[in-house]
Structures are given as C-alpha cells and as structure tokens.
Amino acid sequence: MVGYEGHRGWINYLAVRPDCQRQGHARQIMEEAERLLREAGCPKINLQIRSTNTEVIAFYKSIGYRVDDVVSMSKRLGADEPYQVEPL
Ligand SMILES: CC(C)(COP(=O)(O)OP(=O)(O)OC[C@H]1O[C@@H](n2cnc3c(N)ncnc32)[C@H](O)[C@@H]1OP(=O)(O)O)[C@@H](O)C(=O)NCCC(=O)NCCS
C-alpha cells in the first residue's frame, strides 16, 4: 500500500508470501513504490514497523532506510474494516 498526502510518502502492509521470500520480490516492490512516489514529487518516505519485528527492520535497512528519532502516536477511532484479499 503506497500513499502520498502531499508531504510524505507512506508505505503500509508490505508482505511477501513466506515460500517466496528472500528472492528479491520485496526489494522490487519497494523500487516500484519509490518510483511512483518520486514521480508524484514526494521528497521522503515514512513507514512504521513494530519494534519487535527485527527481520523487517533488517530488510528496510538493507535497502537504504534508517531509523528516525521520532515517537509514533496513534488514537483508535473505531474497529479496522477487514480487508478482502483474493488468494493467488
Ligand atoms: C519483509 C519482507 C516483505 C521481505 O520480503 P522479501 O521478498 O523476502 O525480501 P527481499 O528478498 O527483497 O530481501 C532483500 C534484502 O533484505 C534483507 N532481508 C530480507 N529479509 C530478511 C530477514 N528475514 N532477515 C534479515 N535480512 C533480511 C536481505 O539483505 C535481503 O537480501 P539477500 O536475500 O540478498 O540477503 C518479508 O520478510 C515479509 O513479508 N515479512 C512479513 C510481513 C511483514 O512483517 N511486513 C512488514 C510490515 S511493517
């Protein structure tokens, strides 16, 4: 999921099926996400990862992302709508 609200680009829900991981798919997906955001004039991408998700942090570091010195805050306004995802 790639979004741009005019200030920062945001990435959500990057995932690769477990049996297809470590073949470069996420790197390719992120290259395309960055291309789309650059084309839209976006100067910086932000994304959030649970601090316990060390493998994903390692993935993003390997493609050039760094940990920012920020505090992430949130407020729940209601239940999330479940996404309907068709199996491949
Ligand atoms: C994170 C994720 C999307 C990576 O997908 P992927 O297709 O396996 O990643 P790539 O093959 O493009 O990896 C590129 C590089 O990232 C690093 N990397 C990827 N997975 C890693 C892991 N588990 N541990 C350490 N480094 C990792 C490696 O440097 C890798 O290069 P290499 O395979 O040549 O060593 C995948 O592990 C995933 O779907 N995780 C579960 C979902 C999730 O938690 N998403 C994040 C939500 S915030």
# chains A, B, ... in the order shown; residues from 1 in each chain; ligands from 1
$ select_by_dssp --residues "chain A" --states "helix (DSSP H, G or I)" --output "ChimeraX atom specification"
/A:18-20,25-39,54-62
$ residues_near_ligand --ligand "ligand 1" --cutoff "9 Å" --atoms "only C-alpha atoms and all ligand atoms" --output "VMD selection string"
chain A and resid 11 to 30 47 to 50 53 to 63
$ residues_around --residues "A:Ala40" --least-positions-apart "3" --cutoff "12 Å" --atoms "only C-alpha atoms" --output "number ranges by chain"
A: 2-9, 33-37, 43-44
$ select_by_dssp --residues "chain A" --states "strand (DSSP E)" --output "list in words"
Val2, Gly3, Tyr4, Gly9, Trp10, Ile11, Ile45, Asn46 and Leu47 of chain A
$ atom_distance --atom1 "atom CA of A:Asn46" --atom2 "atom CA of A:Pro82"
23.6 Å
$ decode --residues "stretch 50-72 of chain A" --atoms "N, CA and C atoms" --output "mmCIF file, in the first residue's frame"
data_model
loop_
_atom_site.group_PDB
_atom_site.id
_atom_site.type_symbol
_atom_site.label_atom_id
_atom_site.label_comp_id
_atom_site.auth_asym_id
_atom_site.auth_seq_id
_atom_site.Cartn_x
_atom_site.Cartn_y
_atom_site.Cartn_z
ATOM 1 N N ARG A 50 6.687 -2.514 13.807
ATOM 2 C CA ARG A 50 6.738 -2.849 15.245
ATOM 3 C C ARG A 50 8.193 -3.055 15.643
ATOM 4 N N SER A 51 8.569 -2.516 16.814
ATOM 5 C CA SER A 51 9.983 -2.576 17.226
ATOM 6 C C SER A 51 10.459 -4.016 17.403
ATOM 7 N N THR A 52 9.517 -4.966 17.611
ATOM 8 C CA THR A 52 9.889 -6.377 17.773
ATOM 9 C C THR A 52 10.117 -7.080 16.427
ATOM 10 N N ASN A 53 9.729 -6.423 15.328
ATOM 11 C CA ASN A 53 9.803 -7.054 14.002
ATOM 12 C C ASN A 53 11.194 -6.834 13.406
ATOM 13 N N THR A 54 12.191 -7.475 14.019
ATOM 14 C CA THR A 54 13.594 -7.188 13.689
ATOM 15 C C THR A 54 13.957 -7.603 12.260
ATOM 16 N N GLU A 55 13.309 -8.647 11.735
ATOM 17 C CA GLU A 55 13.643 -9.090 10.371
ATOM 18 C C GLU A 55 13.226 -8.034 9.348
ATOM 19 N N VAL A 56 12.075 -7.433 9.596
ATOM 20 C CA VAL A 56 11.606 -6.410 8.654
ATOM 21 C C VAL A 56 12.467 -5.148 8.770
ATOM 22 N N ILE A 57 12.878 -4.831 9.976
ATOM 23 C CA ILE A 57 13.795 -3.695 10.159
ATOM 24 C C ILE A 57 15.088 -3.973 9.379
ATOM 25 N N ALA A 58 15.576 -5.209 9.442
ATOM 26 C CA ALA A 58 16.797 -5.587 8.700
ATOM 27 C C ALA A 58 16.573 -5.449 7.201
ATOM 28 N N PHE A 59 15.378 -5.851 6.739
ATOM 29 C CA PHE A 59 15.076 -5.710 5.307
ATOM 30 C C PHE A 59 15.158 -4.242 4.886
ATOM 31 N N TYR A 60 14.453 -3.370 5.629
ATOM 32 C CA TYR A 60 14.424 -1.960 5.219
ATOM 33 C C TYR A 60 15.809 -1.317 5.305
ATOM 34 N N LYS A 61 16.588 -1.687 6.314
ATOM 35 C CA LYS A 61 17.953 -1.138 6.401
ATOM 36 C C LYS A 61 18.762 -1.552 5.179
ATOM 37 N N SER A 62 18.547 -2.806 4.718
ATOM 38 C CA SER A 62 19.328 -3.312 3.582
ATOM 39 C C SER A 62 19.015 -2.557 2.298
ATOM 40 N N ILE A 63 17.831 -1.891 2.246
ATOM 41 C CA ILE A 63 17.518 -1.127 1.017
ATOM 42 C C ILE A 63 17.605 0.384 1.276
ATOM 43 N N GLY A 64 18.325 0.770 2.311
ATOM 44 C CA GLY A 64 18.669 2.186 2.465
ATOM 45 C C GLY A 64 17.846 2.997 3.443
ATOM 46 N N TYR A 65 16.939 2.362 4.191
ATOM 47 C CA TYR A 65 16.120 3.110 5.158
ATOM 48 C C TYR A 65 16.852 3.184 6.490
ATOM 49 N N ARG A 66 16.574 4.238 7.256
ATOM 50 C CA ARG A 66 17.208 4.397 8.561
ATOM 51 C C ARG A 66 16.137 4.625 9.617
ATOM 52 N N VAL A 67 16.518 4.374 10.865
ATOM 53 C CA VAL A 67 15.587 4.566 11.978
ATOM 54 C C VAL A 67 15.608 6.048 12.358
ATOM 55 N N ASP A 68 14.451 6.718 12.321
ATOM 56 C CA ASP A 68 14.343 8.136 12.695
ATOM 57 C C ASP A 68 14.129 8.271 14.201
ATOM 58 N N ASP A 69 14.558 9.397 14.736
ATOM 59 C CA ASP A 69 14.385 9.671 16.168
ATOM 60 C C ASP A 69 13.027 10.351 16.389
ATOM 61 N N VAL A 70 11.952 9.548 16.257
ATOM 62 C CA VAL A 70 10.604 10.094 16.420
ATOM 63 C C VAL A 70 9.786 9.172 17.331
ATOM 64 N N VAL A 71 8.724 9.716 17.893
ATOM 65 C CA VAL A 71 7.789 8.903 18.667
ATOM 66 C C VAL A 71 6.535 8.725 17.808
ATOM 67 N N SER A 72 6.119 7.502 17.623
ATOM 68 C CA SER A 72 4.919 7.225 16.852
ATOM 69 C C SER A 72 3.715 7.234 17.803
#
